[in-house]
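A.B. asks: Structure file my_file-v7.txt (compact mmCIF, C-alpha atoms) is given on the next line.
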# COMPACT_ATOMS: atom_id res chain seq x y z
CA MET A 1 4.18 16.22 -18.53
CA ARG A 2 1.33 14.17 -20.02
CA THR A 3 1.28 12.74 -23.52
CA THR A 4 -1.75 11.03 -25.02
CA TYR A 5 -1.69 8.51 -27.86
CA ARG A 6 -4.97 7.82 -29.66
CA MET A 7 -6.09 5.04 -31.95
CA ARG A 8 -5.78 5.35 -35.70
CA ALA A 9 -8.99 7.07 -36.81
CA GLY A 10 -9.24 5.01 -39.99
CA ARG A 11 -10.15 1.95 -37.91
CA PHE A 12 -13.57 3.52 -37.33
CA LEU A 13 -14.62 4.39 -40.88
CA GLY A 14 -16.97 1.41 -40.76
CA ILE A 15 -19.18 3.18 -38.22
CA LEU A 16 -19.65 6.15 -40.53
CA ALA A 17 -20.26 3.79 -43.46
CA ALA A 18 -22.90 1.87 -41.50
CA GLY A 19 -24.71 5.12 -40.72
CA LEU A 20 -24.68 6.11 -44.38
CA ILE A 21 -26.05 2.68 -45.32
CA ILE A 22 -28.90 3.10 -42.84
CA LEU A 23 -29.66 6.52 -44.36
CA GLY A 24 -29.68 4.85 -47.77
CA VAL A 25 -32.17 2.29 -46.46
CA ALA A 26 -34.32 5.19 -45.25
CA ALA A 27 -34.32 6.60 -48.79
CA ILE A 28 -35.32 3.22 -50.23
CA VAL A 29 -38.07 2.80 -47.62
CA TRP A 30 -39.36 6.28 -48.46
CA ALA A 31 -39.24 5.47 -52.21
CA PHE A 32 -41.38 2.38 -51.67
CA GLY A 33 -43.97 4.48 -49.87
CA LEU A 34 -43.77 2.84 -46.46
CA PRO A 35 -45.30 4.76 -43.54
CA ASP A 36 -43.57 7.94 -42.38
CA VAL A 37 -42.91 6.37 -38.98
CA VAL A 38 -40.71 3.70 -40.55
CA VAL A 39 -38.84 6.29 -42.62
CA SER A 40 -38.32 8.54 -39.59
CA VAL A 41 -36.97 5.60 -37.54
CA PHE A 42 -34.39 4.82 -40.22
CA LEU A 43 -33.51 8.51 -40.63
CA THR A 44 -33.07 8.99 -36.88
CA LEU A 45 -31.05 5.81 -36.43
CA GLY A 46 -28.89 6.53 -39.48
CA GLY A 47 -28.33 10.14 -38.42
CA LEU A 48 -27.26 9.11 -34.92
CA VAL A 49 -24.86 6.48 -36.24
CA VAL A 50 -23.37 8.98 -38.72
CA LEU A 51 -22.91 11.54 -35.93
CA GLY A 52 -21.34 8.89 -33.70
CA GLY A 53 -19.02 7.88 -36.54
CA LEU A 54 -17.97 11.46 -37.14
CA TRP A 55 -17.41 11.98 -33.41
CA ILE A 56 -15.17 8.94 -33.13
CA LEU A 57 -13.23 9.95 -36.27
CA VAL A 58 -12.51 13.36 -34.79
CA TRP A 59 -11.73 12.08 -31.26
CA PRO A 60 -10.57 8.45 -31.50
CA PRO A 61 -10.29 6.40 -28.29
CA VAL A 62 -7.18 6.83 -26.16
CA VAL A 63 -4.71 3.94 -26.29
CA ALA A 64 -2.12 5.22 -23.83
CA LYS A 65 -1.52 8.18 -21.53
CA LEU A 66 2.08 8.80 -20.49
CA ARG A 67 2.51 10.76 -17.28
CA ASP A 68 5.56 11.60 -15.19
CA ARG A 69 4.91 8.87 -12.61
CA ASP A 70 2.87 6.28 -14.49
CA ILE A 71 1.46 5.07 -17.77
CA GLU A 72 -2.20 4.31 -18.39
CA VAL A 73 -2.94 1.78 -21.14
CA ARG A 74 -6.63 1.23 -21.91
CA GLY A 75 -7.57 2.34 -18.39
CA VAL A 76 -4.96 0.31 -16.45
CA ARG A 77 -2.27 2.34 -14.68
CA THR A 78 1.27 1.07 -14.10
CA THR A 79 4.03 3.07 -12.44
CA TRP A 80 7.27 3.53 -14.37
CA THR A 81 9.28 1.90 -11.58
CA ASP A 82 7.23 -1.32 -12.00
CA ILE A 83 8.15 -1.57 -15.69
CA THR A 84 11.39 -3.42 -16.41
CA GLN A 85 11.55 -3.53 -20.21
CA VAL A 86 10.06 -2.03 -23.38
CA GLY A 87 10.26 -3.89 -26.65
CA ARG A 88 8.39 -5.31 -29.61
CA VAL A 89 6.79 -8.70 -29.92
CA GLU A 90 4.82 -10.59 -32.57
CA THR A 91 1.31 -11.57 -31.49
CA THR A 92 -1.53 -13.37 -33.25
CA HIS A 93 -2.91 -9.91 -34.12
CA GLY A 94 0.35 -8.53 -35.50
CA GLU A 95 3.23 -6.62 -34.01
CA ALA A 96 2.84 -5.00 -30.57
CA ILE A 97 4.86 -2.87 -28.19
CA VAL A 98 5.28 -4.82 -24.98
CA LEU A 99 5.85 -3.41 -21.50
CA ARG A 100 7.23 -6.08 -19.19
CA THR A 101 6.70 -5.46 -15.49
CA LYS A 102 8.15 -6.87 -12.28
CA GLN A 103 5.14 -9.20 -12.04
CA PRO A 104 5.47 -11.90 -14.74
CA ASP A 105 1.70 -12.12 -15.24
CA HIS A 106 1.26 -8.37 -15.78
CA THR A 107 2.60 -7.74 -19.27
CA VAL A 108 1.07 -4.77 -21.11
CA LEU A 109 0.62 -4.96 -24.90
CA LEU A 110 0.01 -2.03 -27.24
CA PRO A 111 -0.84 -3.29 -30.76
CA VAL A 112 1.13 -1.28 -33.32
CA GLY A 113 -1.78 -1.51 -35.80
CA TRP A 114 -3.95 0.55 -33.46
CA LEU A 115 -1.67 3.58 -33.74
CA PRO A 116 -1.50 6.08 -36.61
CA PRO A 117 1.43 5.59 -39.01
CA GLY A 118 4.68 6.87 -37.53
CA ARG A 119 3.34 7.15 -34.00
CA ALA A 120 4.51 3.65 -32.96
CA ALA A 121 8.20 4.55 -33.21
CA GLN A 122 7.54 7.86 -31.46
CA LEU A 123 5.66 6.06 -28.65
CA GLU A 124 8.40 3.48 -28.28
CA THR A 125 11.05 6.21 -27.96
CA ALA A 126 8.95 8.10 -25.40
CA LEU A 127 8.41 4.90 -23.42
CA ARG A 128 12.14 4.15 -23.31
CA ASP A 129 13.00 7.74 -22.34
CA ARG A 130 10.49 7.76 -19.48
CA LEU A 131 11.54 4.31 -18.34
CA ASN A 132 15.18 5.39 -18.29
CA ALA A 133 14.30 8.54 -16.35
CA ALA A 134 12.26 6.56 -13.81
CA HIS A 135 15.15 4.17 -13.15
CA GLY A 136 17.81 6.91 -13.23
CA TYR A 137 19.51 5.75 -16.43
CA THR A 138 21.15 8.11 -18.87
CA ILE A 139 22.31 7.38 -22.41
CA TRP A 140 26.07 7.10 -22.62
CA ASP A 141 27.49 9.66 -25.01
CA GLY A 142 30.70 7.69 -25.64
CA THR A 143 32.98 9.88 -23.55
CA ALA A 144 35.06 8.79 -20.61
CA PRO A 145 34.05 10.09 -17.17
CA ASP A 146 36.08 12.75 -15.39
CA ASP A 147 38.58 11.64 -12.74
CA ASP A 148 36.40 13.08 -9.96
CA ASP A 149 33.29 11.26 -11.26
CA ARG A 150 33.28 8.07 -9.22
CA ALA A 151 30.71 5.32 -9.06
CA GLU A 152 28.53 5.53 -5.99
As structure tokens, please, write out the structure in this file.
C.D. replies:
Amino acid sequence: MRTTYRMRAGRFLGILAAGLIILGVAAIVWAFGLPDVVVSVFLTLGGLVVLGGLWILVWPPVVAKLRDRDIEVRGVRTTWTDITQVGRVETTHGEAIVLRTKQPDHTVLLPVGWLPPGRAAQLETALRDRLNAAHGYTIWDGTAPDDDDRAE
């Protein structure tokens, strides 16, 4: 099963705003009577930036893809069996979900501020569930094992 987590769309409102500003400049340039070529350049550029901004608001960039065998964070794949711990850490850019791996120099960070509200906790739970499944762990329900259930 594959689950995709995307960036918070609100982070990209500035692109749409920049396009609208460029369209406003085109209107001002037209009002001052500058040549049509100049107006059309501003209209074309502003229109393309607005379309790009709308596109990115509808389909924000992917932060993480969770698959059965691995996780892909910003294009870098790591198998679940290589991950040893999931937790939270404070960074200079705010709080982040950290994936610690068997290699000490290969720590994966997912900034919480990049995710839509409420999705960080959901992602963290999904990460722990998949990590537990990859290592064969189950959550103890508080009951004692049966007599025939022996440790292997």
A.B. asks: Excluding same-chain residues fewer than 4 positions from segment 114-119 of chain A, what lies within 7 Å of it counting all atoms listed in the file, as a PDB file with C-alpha atoms, in the frame of the given file?
C.D. replies:
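For reference, part_7.pdb as written:
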ATOM      1  CA  ARG A   6      -4.970   7.820 -29.660  1.00  0.00           C
ATOM      2  CA  MET A   7      -6.090   5.040 -31.950  1.00  0.00           C
ATOM      3  CA  ARG A   8      -5.780   5.350 -35.700  1.00  0.00           C
ATOM      4  CA  LEU A 123       5.660   6.060 -28.650  1.00  0.00           C
TER       5      LEU A 123
END
A.B. asks: If I take atom CA of Leu57 of chain A and atom CA of Leu110 of chain A, how far is one from the other in Å, to one decimal?
C.D. replies: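 Computed distance, atom CA of Leu57 of chain A to atom CA of Leu110 of chain A, equals 20.0 Å.
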A.B. asks: Using only C-alpha atoms, which of the listed residues (A:Leu127, A:Val39, A:Leu45, A:Val108) sits closest to Leu66 of chain A?
C.D. replies: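 For Leu66 of chain A, the nearest of the candidates is A:Leu127.
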A.B. asks: Skip Ile15 of chain A itself and residues of its chain fewer than 5 positions away, then list as a PyMOL selection string all residues within 12 Å of it, counting all atoms listed in the file.
C.D. replies: chain A and resi 9-10+20-22+46-57
A.B. asks: Would you work out the distance separating atom CA of His135 of chain A from atom CA of Asp82 of chain A, expressed in Å to one decimal?
C.D. replies: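 Pair atom CA of His135 of chain A / atom CA of Asp82 of chain A returns 9.7 Å.
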A.B. asks: Could you name the residues that touch segment 84-92 of chain A at 10 Å or less, counting only C-alpha atoms, but leaving out those on the same chain fewer than 2 positions away, as a ChimeraX atom specification?
C.D. replies: /A:80-82,94-103,107-112,124-125,127-128,131-132,135
A.B. asks: Quote the spacing between atom CA of Gly14 of chain A and atom CA of Pro35 of chain A in Å to one decimal place.
C.D. replies: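 Distance between the two atoms: 28.7 Å.
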A.B. asks: Please provide as a list in words all residues within 8 Å of Arg2 of chain A, with the sequence filter that same-chain residues fewer than 2 positions apart are discarded (counting only C-alpha atoms).
C.D. replies: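 My list of contacting residues is Thr4, Lys65, Leu66, Arg67 and Asp68 of chain A.
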A.B. asks: Nearest to Leu23 of chain A: which of A:Arg11, A:Asp36, A:Arg74, A:Thr44 is it, counting all atoms listed in the file?
C.D. replies: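 Looking at the shortest contact to Leu23 of chain A, the residue is A:Thr44.
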A.B. asks: When you count all atoms listed in the file, which of these residues is closest to Ala26 of chain A: A:Ala121, A:Asp129, A:Asp105, A:Leu43?
C.D. replies: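 Ranked by minimum distance to Ala26 of chain A, first place goes to A:Leu43.
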A.B. asks: Atoms are missing here; could segment 93-112 of chain A be completed with N, CA and C atoms and written as a short mmCIF file (atom, residue, chain, number, x, y, z; two decimals), in the coordinates of the input?
C.D. replies:
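New file result.cif:
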data_model
loop_
_atom_site.label_atom_id
_atom_site.label_comp_id
_atom_site.auth_asym_id
_atom_site.auth_seq_id
_atom_site.Cartn_x
_atom_site.Cartn_y
_atom_site.Cartn_z
N HIS A 93 -2.25 -11.05 -33.47
CA HIS A 93 -2.91 -9.91 -34.12
C HIS A 93 -1.91 -8.95 -34.75
N GLY A 94 -0.67 -9.38 -34.91
CA GLY A 94 0.35 -8.53 -35.50
C GLY A 94 1.36 -8.06 -34.47
N GLU A 95 2.17 -7.13 -34.87
CA GLU A 95 3.23 -6.62 -34.01
C GLU A 95 2.67 -5.73 -32.91
N ALA A 96 3.29 -5.80 -31.71
CA ALA A 96 2.84 -5.00 -30.57
C ALA A 96 4.05 -4.52 -29.78
N ILE A 97 3.87 -3.37 -29.14
CA ILE A 97 4.86 -2.87 -28.19
C ILE A 97 4.52 -3.51 -26.86
N VAL A 98 5.51 -4.11 -26.23
CA VAL A 98 5.28 -4.82 -24.98
C VAL A 98 5.98 -4.09 -23.84
N LEU A 99 5.29 -3.96 -22.73
CA LEU A 99 5.85 -3.41 -21.50
C LEU A 99 5.90 -4.55 -20.49
N ARG A 100 7.09 -5.00 -20.17
CA ARG A 100 7.23 -6.08 -19.19
C ARG A 100 7.38 -5.44 -17.81
N THR A 101 6.68 -6.01 -16.85
CA THR A 101 6.70 -5.46 -15.49
C THR A 101 7.39 -6.43 -14.54
N LYS A 102 7.52 -6.03 -13.30
CA LYS A 102 8.15 -6.87 -12.28
C LYS A 102 7.31 -8.12 -12.00
N GLN A 103 6.00 -8.02 -12.21
CA GLN A 103 5.14 -9.20 -12.04
C GLN A 103 5.06 -9.92 -13.39
N PRO A 104 5.44 -11.19 -13.46
CA PRO A 104 5.47 -11.90 -14.74
C PRO A 104 4.10 -12.01 -15.42
N ASP A 105 3.04 -11.98 -14.66
CA ASP A 105 1.70 -12.12 -15.24
C ASP A 105 1.05 -10.78 -15.57
N HIS A 106 1.81 -9.70 -15.49
CA HIS A 106 1.26 -8.37 -15.78
C HIS A 106 2.05 -7.71 -16.90
N THR A 107 1.97 -8.30 -18.09
CA THR A 107 2.60 -7.74 -19.27
C THR A 107 1.57 -6.89 -20.01
N VAL A 108 1.97 -5.69 -20.43
CA VAL A 108 1.07 -4.77 -21.11
C VAL A 108 1.42 -4.75 -22.59
N LEU A 109 0.41 -4.97 -23.45
CA LEU A 109 0.62 -4.96 -24.90
C LEU A 109 -0.09 -3.79 -25.53
N LEU A 110 0.59 -3.11 -26.45
CA LEU A 110 0.01 -2.03 -27.24
C LEU A 110 0.13 -2.42 -28.71
N PRO A 111 -0.94 -2.90 -29.34
CA PRO A 111 -0.84 -3.29 -30.76
C PRO A 111 -0.42 -2.11 -31.64
N VAL A 112 0.60 -2.33 -32.45
CA VAL A 112 1.13 -1.28 -33.32
C VAL A 112 0.08 -0.87 -34.36
#
